[in-house]
Amino acid sequence: MTDEVAERAAAESRLRAFAAALPDTAFIVDAEERFEEILTTTSPLPGIAPAALRGRPLSESLPPASPKAFIT
């Protein structure tokens with residue numbers, strides 16, 4: 001079990017380092033098109049903290065034409 005915890009911690013550390021190096025915001029959405037994770041060092045939307053976007057639908061947070069452009 002200790003090895004599994006150490007592996008997960010290392011994977012999380014790599015993901016956080018990757019996100020910190022991104023020049024733009026990246027995000028993960030769930031099947032219902034709601035923000036699941038926001039990877040950024042700055043707020044993707046002025047005045048809204050990334051953590052505040054979790055669980056919110058893309059359609060509520062992006063311009064009307066934008067959400068479908070991100071879903072493939």
# chains A, B, ... in the order shown; residues from 1 in each chain; ligands from 1
>>> residues_around(residues="stretch 27-39 of chain A", least_positions_apart="3", cutoff="6 Å", atoms="only C-alpha atoms", output="list in words")
Ala19, Arg54, Gly55, Arg56, Pro57 and Leu58 of chain A
>>> write_last_selection(atoms="N, CA, C and O atoms", output="PDB file, in the first residue's frame")
ATOM      1  N   ALA A  19       1.143  21.453 -15.037  1.00  0.00           N
ATOM      2  CA  ALA A  19       0.153  22.524 -15.055  1.00  0.00           C
ATOM      3  C   ALA A  19       0.809  23.880 -14.810  1.00  0.00           C
ATOM      4  O   ALA A  19       0.457  24.873 -15.438  1.00  0.00           O
ATOM      5  N   ARG A  54     -15.078  24.636 -10.298  1.00  0.00           N
ATOM      6  CA  ARG A  54     -15.332  23.191 -10.191  1.00  0.00           C
ATOM      7  C   ARG A  54     -16.820  22.922 -10.010  1.00  0.00           C
ATOM      8  O   ARG A  54     -17.476  23.515  -9.166  1.00  0.00           O
ATOM      9  N   GLY A  55     -17.334  22.031 -10.837  1.00  0.00           N
ATOM     10  CA  GLY A  55     -18.742  21.663 -10.772  1.00  0.00           C
ATOM     11  C   GLY A  55     -19.657  22.539 -11.605  1.00  0.00           C
ATOM     12  O   GLY A  55     -20.808  22.179 -11.843  1.00  0.00           O
ATOM     13  N   ARG A  56     -19.148  23.671 -12.073  1.00  0.00           N
ATOM     14  CA  ARG A  56     -19.974  24.564 -12.898  1.00  0.00           C
ATOM     15  C   ARG A  56     -19.965  24.108 -14.343  1.00  0.00           C
ATOM     16  O   ARG A  56     -18.951  23.638 -14.854  1.00  0.00           O
ATOM     17  N   PRO A  57     -21.075  24.245 -15.047  1.00  0.00           N
ATOM     18  CA  PRO A  57     -21.115  23.876 -16.461  1.00  0.00           C
ATOM     19  C   PRO A  57     -20.289  24.838 -17.318  1.00  0.00           C
ATOM     20  O   PRO A  57     -20.205  26.024 -17.025  1.00  0.00           O
ATOM     21  N   LEU A  58     -19.705  24.296 -18.379  1.00  0.00           N
ATOM     22  CA  LEU A  58     -18.965  25.133 -19.329  1.00  0.00           C
ATOM     23  C   LEU A  58     -19.855  26.250 -19.857  1.00  0.00           C
ATOM     24  O   LEU A  58     -19.422  27.385 -19.993  1.00  0.00           O
TER      25      LEU A  58
END
>>> select_by_dssp(residues="stretch 24-72 of chain A", states="helix (DSSP H, G or I)", output="ChimeraX atom specification")
/A:50-53,58-61,67-70
>>> residues_around(residues="A:Thr42", least_positions_apart="6", cutoff="10 Å", atoms="only C-alpha atoms", output="VMD selection string")
chain A and resid 20 23 to 25 48 to 50
>>> write_last_selection(atoms="C-alpha atoms", output="mmCIF file, in the first residue's frame")
data_model
loop_
_atom_site.group_PDB
_atom_site.id
_atom_site.type_symbol
_atom_site.label_atom_id
_atom_site.label_comp_id
_atom_site.auth_asym_id
_atom_site.auth_seq_id
_atom_site.Cartn_x
_atom_site.Cartn_y
_atom_site.Cartn_z
ATOM 1 C CA ALA A 20 2.460 25.183 -13.613
ATOM 2 C CA PRO A 23 1.284 29.066 -20.741
ATOM 3 C CA ASP A 24 -2.518 28.839 -20.906
ATOM 4 C CA THR A 25 -5.301 27.351 -18.852
ATOM 5 C CA ILE A 48 -13.253 33.983 -10.556
ATOM 6 C CA ALA A 49 -10.885 31.687 -8.674
ATOM 7 C CA PRO A 50 -10.195 28.368 -10.465
#
>>> residues_around(residues="A:Arg16", least_positions_apart="4", cutoff="10 Å", atoms="only C-alpha atoms", output="MDAnalysis selection string")
chainID A and resid 10:12 20:21 39:41
>>> atom_distance(atom1="atom CA of A:Pro63", atom2="atom CA of A:Ala17")
29.1 Å
>>> atom_distance(atom1="atom CA of A:Leu22", atom2="atom CA of A:Ser59")
23.6 Å
>>> atom_distance(atom1="atom CA of A:Leu62", atom2="atom CA of A:Leu45")
8.7 Å
>>> select_by_dssp(residues="chain A", states="strand (DSSP E or B)", output="PyMOL selection string")
chain A and resi 26-29+34-39+45+48+57
>>> write_last_selection(atoms="all heavy atoms", output="tab-separated table (two decimals), in the first residue's frame")
chain	number	residue	atom	x	y	z
A	26	ALA	N	-5.66	24.96	-18.82
A	26	ALA	CA	-6.16	23.67	-19.31
A	26	ALA	C	-7.20	23.22	-18.30
A	26	ALA	O	-7.12	23.54	-17.12
A	26	ALA	CB	-5.02	22.66	-19.41
A	27	PHE	N	-8.19	22.48	-18.78
A	27	PHE	CA	-9.19	21.99	-17.84
A	27	PHE	C	-9.72	20.65	-18.28
A	27	PHE	O	-9.60	20.25	-19.43
A	27	PHE	CB	-10.33	23.00	-17.65
A	27	PHE	CG	-10.94	23.51	-18.94
A	27	PHE	CD1	-11.94	22.81	-19.57
A	27	PHE	CD2	-10.51	24.69	-19.48
A	27	PHE	CE1	-12.51	23.27	-20.74
A	27	PHE	CE2	-11.06	25.19	-20.66
A	27	PHE	CZ	-12.07	24.46	-21.29
A	28	ILE	N	-10.28	19.95	-17.31
A	28	ILE	CA	-10.89	18.65	-17.54
A	28	ILE	C	-12.36	18.80	-17.21
A	28	ILE	O	-12.72	19.41	-16.20
A	28	ILE	CB	-10.24	17.59	-16.61
A	28	ILE	CG1	-8.75	17.47	-16.93
A	28	ILE	CG2	-10.95	16.23	-16.76
A	28	ILE	CD1	-7.96	16.68	-15.91
A	29	VAL	N	-13.22	18.28	-18.09
A	29	VAL	CA	-14.66	18.33	-17.84
A	29	VAL	C	-15.19	16.91	-17.73
A	29	VAL	O	-14.63	15.97	-18.29
A	29	VAL	CB	-15.41	19.10	-18.95
A	29	VAL	CG1	-15.02	20.56	-18.96
A	29	VAL	CG2	-15.20	18.49	-20.30
A	34	ARG	N	-19.22	19.66	-17.09
A	34	ARG	CA	-18.95	20.51	-15.93
A	34	ARG	C	-17.45	20.45	-15.64
A	34	ARG	O	-16.81	19.42	-15.83
A	34	ARG	CB	-19.72	20.01	-14.71
A	34	ARG	CG	-21.21	20.13	-14.86
A	34	ARG	CD	-21.92	19.63	-13.60
A	34	ARG	NE	-23.35	19.75	-13.75
A	34	ARG	CZ	-24.05	20.85	-13.50
A	34	ARG	NH1	-23.45	21.93	-13.07
A	34	ARG	NH2	-25.35	20.87	-13.66
A	35	PHE	N	-16.91	21.58	-15.21
A	35	PHE	CA	-15.49	21.62	-14.86
A	35	PHE	C	-15.20	20.62	-13.75
A	35	PHE	O	-15.86	20.64	-12.71
A	35	PHE	CB	-15.07	23.02	-14.38
A	35	PHE	CG	-14.98	24.05	-15.45
A	35	PHE	CD1	-16.00	24.96	-15.62
A	35	PHE	CD2	-13.88	24.10	-16.30
A	35	PHE	CE1	-15.92	25.94	-16.61
A	35	PHE	CE2	-13.79	25.07	-17.29
A	35	PHE	CZ	-14.82	25.98	-17.44
A	36	GLU	N	-14.24	19.75	-13.99
A	36	GLU	CA	-13.82	18.80	-12.97
A	36	GLU	C	-12.49	19.22	-12.36
A	36	GLU	O	-12.29	19.12	-11.16
A	36	GLU	CB	-13.68	17.41	-13.62
A	36	GLU	CG	-13.63	16.28	-12.64
A	36	GLU	CD	-13.75	14.96	-13.35
A	36	GLU	OE1	-14.89	14.56	-13.67
A	36	GLU	OE2	-12.70	14.33	-13.59
A	37	GLU	N	-11.60	19.71	-13.19
A	37	GLU	CA	-10.28	20.16	-12.73
A	37	GLU	C	-9.84	21.32	-13.61
A	37	GLU	O	-10.06	21.32	-14.82
A	37	GLU	CB	-9.28	19.02	-12.84
A	37	GLU	CG	-7.93	19.29	-12.24
A	37	GLU	CD	-7.94	19.30	-10.73
A	37	GLU	OE1	-8.65	18.50	-10.12
A	37	GLU	OE2	-7.22	20.13	-10.15
A	38	ILE	N	-9.26	22.33	-13.00
A	38	ILE	CA	-8.73	23.47	-13.74
A	38	ILE	C	-7.25	23.55	-13.44
A	38	ILE	O	-6.84	23.64	-12.29
A	38	ILE	CB	-9.43	24.80	-13.32
A	38	ILE	CG1	-10.93	24.74	-13.66
A	38	ILE	CG2	-8.81	25.97	-14.06
A	38	ILE	CD1	-11.79	24.23	-12.58
A	39	LEU	N	-6.44	23.48	-14.50
A	39	LEU	CA	-4.99	23.49	-14.37
A	39	LEU	C	-4.47	24.83	-14.88
A	39	LEU	O	-4.46	25.10	-16.07
A	39	LEU	CB	-4.37	22.34	-15.18
A	39	LEU	CG	-4.93	20.95	-14.89
A	39	LEU	CD1	-4.41	19.95	-15.91
A	39	LEU	CD2	-4.56	20.53	-13.49
A	45	LEU	N	-10.80	32.99	-15.76
A	45	LEU	CA	-11.82	34.01	-15.96
A	45	LEU	C	-11.59	35.13	-14.95
A	45	LEU	O	-11.50	34.86	-13.75
A	45	LEU	CB	-13.22	33.43	-15.77
A	45	LEU	CG	-13.59	32.30	-16.73
A	45	LEU	CD1	-14.90	31.65	-16.30
A	45	LEU	CD2	-13.70	32.82	-18.15
A	48	ILE	N	-12.75	35.27	-11.03
A	48	ILE	CA	-13.25	33.98	-10.56
A	48	ILE	C	-12.07	33.07	-10.27
A	48	ILE	O	-11.27	32.78	-11.16
A	48	ILE	CB	-14.18	33.31	-11.59
A	48	ILE	CG1	-15.39	34.22	-11.88
A	48	ILE	CG2	-14.65	31.95	-11.08
A	48	ILE	CD1	-16.30	33.69	-12.96
A	57	PRO	N	-21.08	24.25	-15.05
A	57	PRO	CA	-21.12	23.88	-16.46
A	57	PRO	C	-20.29	24.84	-17.32
A	57	PRO	O	-20.21	26.02	-17.02
A	57	PRO	CB	-22.59	23.97	-16.84
A	57	PRO	CG	-23.33	24.39	-15.64
A	57	PRO	CD	-22.36	24.67	-14.54
